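Novice: File entry_19.csv below, CSV, C-alpha atoms:
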```
chain,number,residue,atom,x,y,z
A,1,MET,CA,28.2,2.4,0.3
A,2,ARG,CA,27.7,0.6,3.6
A,3,ASN,CA,26.9,2.0,7.0
A,4,THR,CA,25.4,0.9,10.3
A,5,GLU,CA,22.6,2.3,12.3
A,6,THR,CA,22.3,1.4,16.0
A,7,VAL,CA,19.7,2.0,18.7
A,8,HIS,CA,20.8,1.3,22.3
A,9,LEU,CA,18.3,1.9,25.1
A,10,ASP,CA,19.2,1.1,28.6
A,11,ASN,CA,16.8,0.7,31.5
A,12,ILE,CA,13.9,2.7,30.1
A,13,PRO,CA,10.4,2.6,31.6
A,14,VAL,CA,7.5,0.9,29.8
A,15,VAL,CA,4.0,2.5,29.5
A,16,PHE,CA,0.9,0.9,28.1
A,17,ALA,CA,-0.9,3.2,25.7
A,18,GLY,CA,-3.8,1.1,24.4
A,19,TYR,CA,-4.3,1.6,20.6
A,20,GLY,CA,-2.1,4.7,20.5
A,21,ILE,CA,-5.0,7.0,19.5
A,22,GLU,CA,-5.5,10.6,20.3
A,23,ASN,CA,-8.6,12.5,19.1
A,24,LYS,CA,-11.8,14.0,20.4
A,25,VAL,CA,-13.6,10.7,20.6
A,26,TYR,CA,-10.9,8.6,22.2
A,27,ASN,CA,-7.6,9.6,23.8
A,28,ASP,CA,-5.1,6.9,25.0
A,29,PHE,CA,-2.7,9.7,26.1
A,30,ALA,CA,-4.9,11.8,28.4
A,31,ASN,CA,-3.3,10.6,31.7
A,32,ILE,CA,0.1,9.3,30.7
A,33,ASP,CA,3.5,10.7,29.6
A,34,VAL,CA,5.4,8.7,27.0
A,35,LYS,CA,8.5,10.9,26.7
A,36,GLY,CA,11.6,8.8,26.9
A,37,LYS,CA,9.7,5.6,27.3
A,38,ALA,CA,8.9,2.3,25.6
A,39,VAL,CA,5.2,2.3,24.6
A,40,LEU,CA,3.3,-1.0,24.6
A,41,LEU,CA,0.5,-0.8,22.0
A,42,LEU,CA,-2.4,-2.9,20.8
A,43,THR,CA,-3.0,-3.3,17.0
A,44,GLY,CA,-6.4,-2.2,15.6
A,45,GLN,CA,-8.9,0.2,17.1
A,46,PRO,CA,-11.3,0.0,20.1
A,47,GLN,CA,-14.5,-1.9,19.6
A,48,ASP,CA,-17.5,-2.7,21.8
A,49,SER,CA,-18.8,-6.3,22.5
A,50,THR,CA,-20.8,-6.4,19.2
A,51,GLY,CA,-17.7,-5.5,17.1
A,52,THR,CA,-18.8,-1.9,16.5
A,53,TYR,CA,-15.8,0.4,16.2
A,54,LEU,CA,-15.9,3.3,18.8
A,55,LEU,CA,-14.4,5.8,16.4
A,56,THR,CA,-17.0,5.3,13.6
A,57,GLY,CA,-20.0,3.8,15.3
A,58,THR,CA,-20.0,1.2,12.5
A,59,LYS,CA,-18.5,-2.2,11.7
A,60,GLN,CA,-15.8,-0.4,9.7
A,61,ALA,CA,-12.6,0.9,11.3
A,62,ALA,CA,-11.8,4.6,11.0
A,63,ILE,CA,-8.9,6.0,8.8
A,64,ILE,CA,-6.6,7.6,11.3
A,65,SER,CA,-3.1,9.0,11.3
A,66,SER,CA,-0.1,6.8,12.1
A,67,TYR,CA,0.8,6.1,15.7
A,68,GLN,CA,4.4,6.3,14.6
A,69,ASN,CA,4.2,10.0,13.9
A,70,LEU,CA,2.2,10.7,17.1
A,71,LEU,CA,4.5,8.9,19.4
A,72,ARG,CA,7.6,10.4,17.8
A,73,LYS,CA,6.1,13.9,18.4
A,74,LYS,CA,5.4,12.9,22.0
A,75,GLY,CA,9.0,11.8,22.6
A,76,ALA,CA,8.7,8.1,22.9
A,77,VAL,CA,11.8,6.1,22.1
A,78,LEU,CA,10.5,2.6,21.3
A,79,ILE,CA,7.3,0.9,20.3
A,80,LEU,CA,6.4,-2.6,21.6
A,81,LEU,CA,3.5,-3.8,19.4
A,82,TYR,CA,1.4,-6.7,20.7
A,83,ASN,CA,0.3,-8.8,17.7
A,84,ASN,CA,-2.4,-11.5,18.2
A,85,ARG,CA,-1.2,-13.0,14.9
A,86,PHE,CA,2.3,-13.3,16.2
A,87,THR,CA,2.9,-17.0,15.3
A,88,ALA,CA,1.4,-16.7,11.8
A,89,ASP,CA,3.2,-13.4,11.0
A,90,THR,CA,6.6,-14.6,12.3
A,91,LEU,CA,6.3,-17.7,10.2
A,92,LEU,CA,5.6,-15.5,7.2
A,93,GLN,CA,8.6,-13.3,8.0
A,94,ARG,CA,10.8,-16.3,8.2
A,95,LYS,CA,9.5,-17.7,5.0
A,96,SER,CA,10.3,-14.3,3.4
A,97,SER,CA,13.7,-13.8,5.1
A,98,PHE,CA,15.6,-14.2,1.9
A,99,GLN,CA,14.2,-10.9,0.7
A,100,THR,CA,16.2,-7.8,1.5
A,101,VAL,CA,14.5,-5.2,3.6
A,102,TYR,CA,14.6,-1.7,2.0
A,103,LYS,CA,14.5,1.7,3.7
A,104,ASN,CA,12.7,4.4,1.7
A,105,PRO,CA,14.4,7.7,2.5
A,106,LEU,CA,11.4,9.6,1.1
A,107,ILE,CA,9.0,8.3,3.8
A,108,GLN,CA,11.0,6.8,6.6
A,109,ASN,CA,12.5,9.7,8.4
A,110,ASN,CA,13.4,9.2,12.0
A,111,ASN,CA,10.9,6.4,12.5
A,112,LEU,CA,10.8,4.9,15.9
A,113,PRO,CA,12.0,1.3,16.2
A,114,VAL,CA,9.1,-1.2,16.5
A,115,LEU,CA,9.4,-4.6,18.1
A,116,MET,CA,6.5,-7.1,17.6
A,117,LEU,CA,5.6,-9.0,20.7
A,118,SER,CA,3.8,-12.3,21.3
A,119,GLU,CA,1.1,-12.6,24.0
A,120,GLU,CA,3.6,-14.4,26.3
A,121,ARG,CA,6.2,-11.6,26.0
A,122,ALA,CA,3.6,-8.9,26.4
A,123,ASN,CA,2.4,-10.5,29.6
A,124,ASP,CA,6.0,-10.7,30.9
A,125,LEU,CA,6.1,-7.0,30.7
A,126,LEU,CA,2.8,-6.6,32.6
A,127,THR,CA,3.6,-9.0,35.4
A,128,ALA,CA,4.4,-6.3,38.0
A,129,SER,CA,0.9,-4.8,37.5
A,130,ASP,CA,-0.9,-8.1,37.7
A,131,LYS,CA,-2.5,-7.6,34.3
A,132,THR,CA,-2.5,-9.5,31.0
A,133,ILE,CA,-2.6,-8.1,27.5
A,134,LYS,CA,-6.0,-9.8,26.9
A,135,SER,CA,-7.5,-8.5,30.2
A,136,LEU,CA,-6.6,-5.0,29.0
A,137,VAL,CA,-8.3,-5.5,25.7
A,138,GLN,CA,-11.4,-6.8,27.6
A,139,ASP,CA,-11.4,-3.8,29.9
A,140,ILE,CA,-11.3,-1.4,27.0
A,141,THR,CA,-14.1,-3.4,25.2
A,142,LYS,CA,-16.2,-3.4,28.4
A,143,THR,CA,-15.8,0.2,29.4
A,144,LEU,CA,-15.1,1.8,26.0
A,145,ARG,CA,-12.5,3.9,27.8
A,146,PRO,CA,-8.7,3.9,27.6
A,147,GLN,CA,-6.8,1.8,30.1
A,148,SER,CA,-3.4,3.4,29.7
A,149,TYR,CA,-1.0,3.3,32.7
A,150,ASP,CA,2.7,3.2,33.7
A,151,VAL,CA,3.6,-0.5,33.7
A,152,ASN,CA,6.2,-0.2,36.4
A,153,THR,CA,8.8,-2.2,34.4
A,154,ASN,CA,12.0,-1.1,32.8
A,155,ILE,CA,13.7,-2.7,29.8
A,156,SER,CA,16.9,-2.4,27.8
A,157,ASN,CA,17.2,-2.9,24.1
A,158,HIS,CA,19.9,-2.9,21.4
A,159,ILE,CA,19.2,-2.9,17.7
A,160,GLN,CA,21.8,-2.9,14.9
A,161,ILE,CA,20.9,-2.4,11.3
A,162,ASP,CA,23.5,-2.8,8.5
A,163,ILE,CA,22.6,-0.6,5.5
A,164,THR,CA,24.0,-1.0,1.9
A,165,GLU,CA,23.1,1.8,-0.5
A,166,GLU,CA,22.0,0.4,-3.9
A,167,LYS,CA,20.4,1.9,-7.0
A,168,ALA,CA,17.8,0.5,-9.4
A,169,PRO,CA,16.2,2.2,-12.4
A,170,ASN,CA,12.8,3.3,-13.2
A,171,VAL,CA,12.1,3.1,-16.9
A,172,ILE,CA,10.3,6.2,-18.3
A,173,GLY,CA,9.0,6.9,-21.8
A,174,VAL,CA,7.3,10.1,-23.0
A,175,ILE,CA,4.9,10.8,-25.8
A,176,ASN,CA,4.6,14.6,-26.2
A,177,GLY,CA,1.1,16.0,-26.5
A,178,THR,CA,-0.1,18.7,-28.9
A,179,ASP,CA,-1.0,21.1,-26.1
A,180,THR,CA,1.9,22.0,-23.8
A,181,SER,CA,-0.4,23.9,-21.5
A,182,ALA,CA,-2.7,20.8,-20.9
A,183,GLY,CA,-0.2,19.0,-18.6
A,184,CYS,CA,0.4,15.3,-18.6
A,185,ILE,CA,-1.0,12.0,-17.5
A,186,ILE,CA,1.0,9.1,-16.1
A,187,LEU,CA,0.4,5.5,-17.2
A,188,SER,CA,2.3,3.2,-14.8
A,189,ALA,CA,3.1,-0.3,-13.7
A,190,HIS,CA,6.0,-1.9,-11.7
A,191,HIS,CA,8.5,-4.3,-13.2
A,192,ASP,CA,10.0,-5.7,-10.0
A,193,HIS,CA,8.8,-8.8,-8.1
A,194,VAL,CA,9.9,-10.9,-5.0
A,195,GLY,CA,13.0,-12.4,-6.5
A,196,ARG,CA,14.7,-15.7,-6.0
A,197,ASP,CA,14.8,-18.0,-2.9
A,198,GLY,CA,17.6,-20.5,-3.5
A,199,LYS,CA,16.3,-22.6,-6.4
A,200,ASN,CA,12.8,-21.1,-6.2
A,201,ILE,CA,12.2,-18.3,-8.7
A,202,TYR,CA,9.2,-15.9,-8.1
A,203,TYR,CA,8.4,-15.3,-11.7
A,204,GLY,CA,5.8,-12.6,-11.1
A,205,ALA,CA,3.9,-13.2,-14.4
A,206,VAL,CA,0.7,-11.6,-13.2
A,207,ASP,CA,2.3,-9.4,-10.5
A,208,ASN,CA,3.4,-7.5,-12.4
A,209,ALA,CA,4.9,-8.6,-15.8
A,210,SER,CA,1.4,-8.3,-17.1
A,211,GLY,CA,1.3,-4.6,-16.2
A,212,THR,CA,4.7,-4.0,-17.7
A,213,VAL,CA,3.7,-5.7,-20.9
A,214,ALA,CA,0.4,-3.6,-20.9
A,215,ILE,CA,2.2,-0.2,-20.8
A,216,MET,CA,4.6,-1.3,-23.5
A,217,GLU,CA,1.8,-2.5,-25.7
A,218,ILE,CA,-0.2,0.7,-25.1
A,219,ALA,CA,2.9,2.9,-25.9
A,220,THR,CA,3.2,0.9,-29.2
A,221,LEU,CA,-0.5,1.5,-30.0
A,222,MET,CA,-0.1,5.2,-29.2
A,223,ASN,CA,2.8,5.5,-31.6
A,224,LYS,CA,0.8,3.8,-34.3
A,225,ALA,CA,-2.0,6.4,-33.8
A,226,ILE,CA,0.5,9.2,-34.0
A,227,GLU,CA,1.8,7.7,-37.3
A,228,LYS,CA,-1.7,8.0,-38.7
A,229,GLY,CA,-2.0,11.6,-37.5
A,230,PHE,CA,-3.7,11.2,-34.1
A,231,ARG,CA,-1.5,12.7,-31.4
A,232,PRO,CA,-2.9,13.0,-27.9
A,233,LYS,CA,-3.6,16.5,-26.6
A,234,ARG,CA,-1.8,15.8,-23.2
A,235,THR,CA,1.6,14.4,-22.8
A,236,ILE,CA,1.6,10.8,-21.7
A,237,ILE,CA,4.4,9.6,-19.4
A,238,PHE,CA,4.8,5.8,-19.4
A,239,ALA,CA,6.4,4.8,-16.1
A,240,SER,CA,7.7,1.3,-15.3
A,241,TYR,CA,8.7,1.4,-11.7
A,242,THR,CA,11.3,-0.4,-9.7
A,243,GLY,CA,10.9,-1.4,-6.0
A,244,GLU,CA,7.2,-1.5,-5.7
A,245,GLU,CA,7.3,-4.7,-3.7
A,246,LYS,CA,9.9,-3.0,-1.4
A,247,GLY,CA,7.7,-0.1,-0.5
A,248,LEU,CA,6.7,1.8,-3.7
A,249,LEU,CA,10.3,3.0,-4.0
A,250,GLY,CA,10.2,3.9,-7.7
A,251,SER,CA,6.9,5.7,-7.6
A,252,TYR,CA,7.9,7.7,-4.5
A,253,HIS,CA,11.0,8.8,-6.3
A,254,LEU,CA,9.1,10.0,-9.4
A,255,ALA,CA,6.4,11.7,-7.3
A,256,ALA,CA,9.3,13.6,-5.5
A,257,ASN,CA,11.1,14.2,-8.8
A,258,PRO,CA,8.4,14.6,-11.4
A,259,LEU,CA,9.1,15.2,-15.1
A,260,PHE,CA,6.1,17.6,-15.1
A,261,PRO,CA,5.1,19.7,-12.1
A,262,ILE,CA,2.6,17.8,-9.9
A,263,GLU,CA,0.0,20.5,-10.4
A,264,LYS,CA,0.2,19.9,-14.1
A,265,THR,CA,-0.3,16.1,-13.7
A,266,ARG,CA,-3.9,15.6,-14.6
A,267,ALA,CA,-4.2,11.9,-13.6
A,268,VAL,CA,-2.4,8.7,-12.9
A,269,LEU,CA,-3.6,5.4,-14.4
A,270,ASN,CA,-1.9,2.5,-12.6
A,271,ILE,CA,-1.9,-1.1,-13.6
A,272,ASP,CA,-1.0,-3.8,-11.0
A,273,MET,CA,-1.8,-7.4,-12.0
A,274,MET,CA,-3.9,-8.2,-15.1
A,275,GLY,CA,-4.9,-11.3,-17.1
A,276,ARG,CA,-5.7,-13.7,-14.3
A,277,VAL,CA,-9.1,-14.8,-12.9
A,278,ASP,CA,-8.9,-14.2,-9.1
A,279,THR,CA,-10.1,-16.4,-6.2
A,280,PHE,CA,-13.6,-14.7,-6.2
A,281,TYR,CA,-14.2,-15.3,-9.9
A,282,SER,CA,-12.6,-18.7,-10.2
A,283,GLY,CA,-15.1,-21.3,-11.4
A,284,LYS,CA,-17.5,-18.6,-12.6
A,285,LYS,CA,-16.6,-18.8,-16.3
A,286,ALA,CA,-19.6,-16.7,-17.4
A,287,ASP,CA,-18.5,-13.8,-15.1
A,288,SER,CA,-14.8,-14.0,-15.6
A,289,ASN,CA,-14.4,-11.2,-18.1
A,290,TYR,CA,-13.9,-8.4,-15.7
A,291,ALA,CA,-11.6,-5.8,-14.2
A,292,TYR,CA,-11.5,-4.5,-10.7
A,293,ILE,CA,-11.4,-0.7,-10.6
A,294,LEU,CA,-10.6,1.9,-7.9
A,295,VAL,CA,-11.2,5.5,-9.0
A,296,VAL,CA,-10.3,8.5,-6.7
A,297,ASP,CA,-11.2,11.8,-8.5
A,298,SER,CA,-11.6,14.4,-5.8
A,299,LEU,CA,-10.8,17.1,-8.3
A,300,ASN,CA,-13.7,16.0,-10.6
A,301,ARG,CA,-11.6,15.6,-13.7
A,302,GLY,CA,-14.0,13.0,-15.2
A,303,LEU,CA,-11.9,9.9,-14.7
A,304,ARG,CA,-14.8,7.6,-14.0
A,305,ASN,CA,-16.5,8.8,-17.1
A,306,SER,CA,-13.4,8.3,-19.2
A,307,LEU,CA,-13.1,4.7,-17.9
A,308,PHE,CA,-16.8,3.8,-18.3
A,309,THR,CA,-17.1,5.5,-21.7
A,310,ALA,CA,-14.1,3.4,-22.9
A,311,ASN,CA,-15.7,0.2,-21.6
A,312,GLU,CA,-19.1,1.0,-23.2
A,313,LYS,CA,-17.3,1.4,-26.6
A,314,LEU,CA,-15.5,-1.9,-26.2
A,315,GLY,CA,-18.4,-3.7,-24.6
A,316,LYS,CA,-16.3,-6.5,-23.2
A,317,LEU,CA,-15.6,-6.2,-19.5
A,318,LYS,CA,-17.6,-6.1,-16.2
A,319,LEU,CA,-16.1,-3.2,-14.2
A,320,ASP,CA,-16.1,-4.5,-10.6
A,321,THR,CA,-16.2,-1.9,-7.8
A,322,TYR,CA,-15.8,-4.4,-5.0
A,323,TYR,CA,-12.6,-2.8,-3.8
A,324,GLU,CA,-14.1,0.6,-3.7
A,325,GLN,CA,-16.0,-0.4,-0.6
A,326,PRO,CA,-14.7,1.5,2.5
A,327,GLN,CA,-13.5,-1.6,4.3
A,328,PHE,CA,-11.3,-2.6,1.3
A,329,MET,CA,-10.4,0.7,-0.2
A,330,GLN,CA,-7.6,1.8,2.2
A,331,ARG,CA,-5.4,-1.3,1.4
A,332,ARG,CA,-6.1,-0.9,-2.3
A,333,LEU,CA,-5.2,2.7,-2.2
A,334,MET,CA,-2.0,2.3,-0.3
A,335,GLY,CA,-0.9,-1.0,-1.9
A,336,SER,CA,0.4,0.2,-5.3
A,337,ASP,CA,2.2,2.9,-7.2
A,338,GLN,CA,-0.7,5.4,-7.4
A,339,TYR,CA,-0.4,6.1,-3.7
A,340,PRO,CA,2.6,8.5,-3.7
A,341,PHE,CA,0.8,10.7,-6.3
A,342,TYR,CA,-2.5,10.5,-4.3
A,343,LEU,CA,-0.6,11.9,-1.3
A,344,LYS,CA,0.3,14.9,-3.5
A,345,GLY,CA,-3.4,15.4,-4.6
A,346,VAL,CA,-3.3,13.7,-8.0
A,347,PRO,CA,-6.5,11.9,-9.0
A,348,PHE,CA,-6.1,8.3,-10.2
A,349,ILE,CA,-7.6,5.1,-11.6
A,350,ARG,CA,-6.3,1.7,-10.6
A,351,ILE,CA,-7.1,-1.3,-12.8
A,352,ASP,CA,-6.3,-4.9,-11.8
A,353,CYS,CA,-7.6,-8.5,-11.7
A,354,GLY,CA,-7.4,-9.1,-8.0
A,355,PHE,CA,-5.6,-11.8,-6.1
A,356,SER,CA,-5.2,-15.3,-7.5
A,357,LYS,CA,-4.1,-18.3,-5.5
A,358,ASP,CA,-0.6,-17.9,-6.9
A,359,TYR,CA,-0.2,-14.3,-5.6
A,360,HIS,CA,3.4,-13.8,-4.4
A,361,GLN,CA,4.2,-17.5,-5.0
A,362,PRO,CA,6.8,-19.2,-7.3
A,363,THR,CA,3.7,-20.5,-9.2
A,364,ASP,CA,2.8,-17.1,-10.6
A,365,THR,CA,3.9,-18.2,-14.1
A,366,PRO,CA,3.0,-17.1,-17.7
A,367,ASP,CA,1.1,-20.3,-18.4
A,368,LYS,CA,-1.5,-19.3,-15.8
A,369,ILE,CA,-2.4,-16.1,-17.6
A,370,ASN,CA,-5.7,-15.8,-19.5
A,371,TYR,CA,-4.4,-14.0,-22.6
A,372,GLU,CA,-7.9,-13.1,-23.9
A,373,LEU,CA,-8.7,-11.5,-20.6
A,374,LEU,CA,-5.3,-9.7,-20.6
A,375,SER,CA,-6.0,-8.4,-24.1
A,376,ASN,CA,-9.4,-7.1,-23.2
A,377,GLN,CA,-8.0,-5.4,-20.1
A,378,ILE,CA,-5.2,-3.8,-22.1
A,379,GLN,CA,-7.7,-2.5,-24.6
A,380,LEU,CA,-9.7,-0.9,-21.8
A,381,THR,CA,-6.6,0.7,-20.4
A,382,PHE,CA,-5.5,2.0,-23.8
A,383,LEU,CA,-8.9,3.6,-24.6
A,384,THR,CA,-9.2,5.1,-21.0
A,385,THR,CA,-5.7,6.6,-21.3
A,386,TRP,CA,-6.7,8.0,-24.7
A,387,ASN,CA,-9.9,9.5,-23.3
A,388,ILE,CA,-8.1,11.1,-20.3
A,389,ALA,CA,-5.4,12.5,-22.6
A,390,ASN,CA,-7.9,14.2,-24.9
A,391,ASP,CA,-10.9,15.2,-22.8
```
Could you render the structure as structure tokens?
Specialist:
Amino acid sequence: MRNTETVHLDNIPVVFAGYGIENKVYNDFANIDVKGKAVLLLTGQPQDSTGTYLLTGTKQAAIISSYQNLLRKKGAVLILLYNNRFTADTLLQRKSSFQTVYKNPLIQNNNLPVLMLSEERANDLLTASDKTIKSLVQDITKTLRPQSYDVNTNISNHIQIDITEEKAPNVIGVINGTDTSAGCIILSAHHDHVGRDGKNIYYGAVDNASGTVAIMEIATLMNKAIEKGFRPKRTIIFASYTGEEKGLLGSYHLAANPLFPIEKTRAVLNIDMMGRVDTFYSGKKADSNYAYILVVDSLNRGLRNSLFTANEKLGKLKLDTYYEQPQFMQRRLMGSDQYPFYLKGVPFIRIDCGFSKDYHQPTDTPDKINYELLSNQIQLTFLTTWNIAND
């Protein structure tokens, strides 16, 4: 099924709204009305001259709600986003232009159109007020106060998006537990990757054929355990997702249409990239037997203990908590298939090997995988899954 969405805006006023933040500490909207207007925004958050973020009082940015939602509620009709990495980001977009852009109906409801602007284009909009985008940034940094104002410029805009509806499968397997009242756990990975660009094939060996292989191997080991009389207490759902690279499409679908009620889902254990030494560990052979972990267990279900107990019994891996640091955690949290379940309150563990130099490149091929490391990481995941299923 094909359809077309169009947005046509004629002669609408432009307003500058700083970083698009509204809270008790900092409010870009205190003295302006954005209803029916195009809103020019800066990326990031306000900082002082030392690089300290105003919202946190530290060098780490705050976790705040989406400006998209806020501006939609306030009645804005278009977002003009100044990007100081415009050249680099547009080059990256052009390089990736062969990839289809997907719309996720589960999370993209009535989003405002967003146009990314270069410094030159942003300054064109500000000409009538004798300001530049960088001078506005400097004024905010100097005063630590919003500099929002009506720009006294009108613009027109026409956007047309052609949409084709397609379907792609998740692959789901289930091992029933002995206790139907104990709920389930989900062991997941994604089986999609970037695709093909002409003659260039993006193989995705590490990202994420490694994770797909891991859940297949663990399912096989679980079945062998069952054959010997060891069935897990909780039901285990093995989920191989489609569309992770396109916006977590498969995991959003399962979270919205779960096999078990969400409140009966004890935990998610998500695998996204294994078996490859990343850029941090490269060249450090003695330290290369590791796995990065991210554990979010706000319900205190013992996930970290299940993971570390498994590793102690195996005695093979360094569990690296580097990405649990606040400055890295948000990207790690939102960047893979545990996130839709986290939004519904399900605790999770993410296990991975980090980013290699071949990440999202055609050179992510099977010959680059360290199979001994992959085997160790799969063993860790198997025993952690077993612990969570039986604690």
Novice: For Phe86 in chain A, please output as a tab-separated table (two decimals) with C-alpha atoms, in the frame of the given file all residues within 9 Å (counting all atoms listed in the file; exclusion window: fewer than 5 positions along the same chain).
Specialist:
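What follows is the written file out.tsv:
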```
chain	number	residue	atom	x	y	z
A	91	LEU	CA	6.30	-17.70	10.20
A	116	MET	CA	6.50	-7.10	17.60
A	117	LEU	CA	5.60	-9.00	20.70
A	118	SER	CA	3.80	-12.30	21.30
A	119	GLU	CA	1.10	-12.60	24.00
```
Novice: Considering all atoms listed in the file, return as a VMD selection string whatever protein or nucleic-acid residues lie within 12 Å of Lys233 in chain A, sequence-local ones (same chain, fewer than 6 positions apart) excluded.
Specialist: chain A and resid 175 to 185 226 385 to 391
Novice: Would you tabulate, counting only C-alpha atoms, all residues of range 289-350 of chain A that have an atom at most 8 Å from an atom of range 238-260 of chain A, showing the closest pair of atoms and their distance in Å to one decimal, sorted by chain then ascending number, as a Markdown table?
Specialist:
```
| residue | atom | partner | partner_atom | distance |
| --- | --- | --- | --- | --- |
| A:Ser336 | CA | A:Leu248 | CA | 6.7 |
| A:Asp337 | CA | A:Ser251 | CA | 5.5 |
| A:Gln338 | CA | A:Ser251 | CA | 7.6 |
| A:Pro340 | CA | A:Tyr252 | CA | 5.4 |
| A:Phe341 | CA | A:Ala255 | CA | 5.8 |
| A:Lys344 | CA | A:Ala255 | CA | 7.9 |
```
Novice: Under the rule that all atoms listed in the file are counted, which of A:Ser282, A:Gln361, A:Asn370, A:Asn152 is the nearest residue to Gly204 in chain A?
Specialist: A:Gln361
Novice: So that I can see what lies close to Glu324 in chain A, please list as a PyMOL selection string the residues with an atom at most 8 Å from it, counting all atoms listed in the file and leaving out residues fewer than 3 positions away in the same chain.
Specialist: chain A and resi 293-295+321+328-329
Novice: Can you tell me, as a PyMOL selection string, what residues are no more than 12 Å from Ile21 in chain A when counting all atoms listed in the file, ignoring any on the same chain fewer than 2 positions away?
Specialist: chain A and resi 17-19+23-30+41-46+54-55+62-71+145-148
Novice: Counting only C-alpha atoms, what is within 10 Å of range 314-316 of chain A, bar same-chain residues fewer than 2 positions away, as a ChimeraX atom specification?
Specialist: /A:289-290,308-312,318-319,373,376-377,379-380,383
Novice: Distance cut-off 8 Å, centre (-9.1, 14.6, -16.0) in file coordinates, counting all atoms listed in the file: which residues qualify? Return them as number ranges by chain.
Specialist: A: 266-267, 300-303, 347, 388-389, 391
Novice: Just give me the gap between CA of Gln138 in chain A and CA of Thr50 in chain A in Å, one decimal is fine.
Specialist: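 Computing it gives 12.6 Å between the two atoms.
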Novice: Could you state the separation of CA of Asn208 in chain A and CA of Gln330 in chain A in Å, given to one decimal place?
Specialist: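 Between CA of Asn208 in chain A and CA of Gln330 in chain A the gap is 20.5 Å.
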Novice: Just the number, please: distance in Å from CA of Gly57 in chain A to CA of Gln325 in chain A, one decimal.
Specialist: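 Pair CA of Gly57 in chain A / CA of Gln325 in chain A returns 16.9 Å.
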Novice: Between A:Gly275, A:Pro113, A:Lys228, A:Leu40, single out the one closest to Ile133 in chain A, counting only C-alpha atoms.
Specialist: A:Leu40
Novice: Using only C-alpha atoms, which of A:Val171, A:Leu144, A:Asp297, A:Tyr342 sits nearest Gly51 in chain A?
Specialist: A:Leu144
Novice: Identify which of the residues A:Phe16, A:Val296, A:Asp10, A:Gly173 lies closest to Thr235 in chain A, counting all atoms listed in the file when measuring atom-to-atom distances.
Specialist: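 Selected residue with least distance to Thr235 in chain A: A:Gly173.
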Novice: For the point (5.6, -16.6, -5.6) in the file's frame, write as a PyMOL selection string all residues with an atom no more than 8 Å away, counting all atoms listed in the file.
Specialist: chain A and resi 194+201-204+358-364
Novice: With distances taken over all atoms listed in the file, which residue among A:Leu299, A:Leu78, A:Val277, A:Ile378 lies nearest Ser210 in chain A?
Specialist: A:Ile378
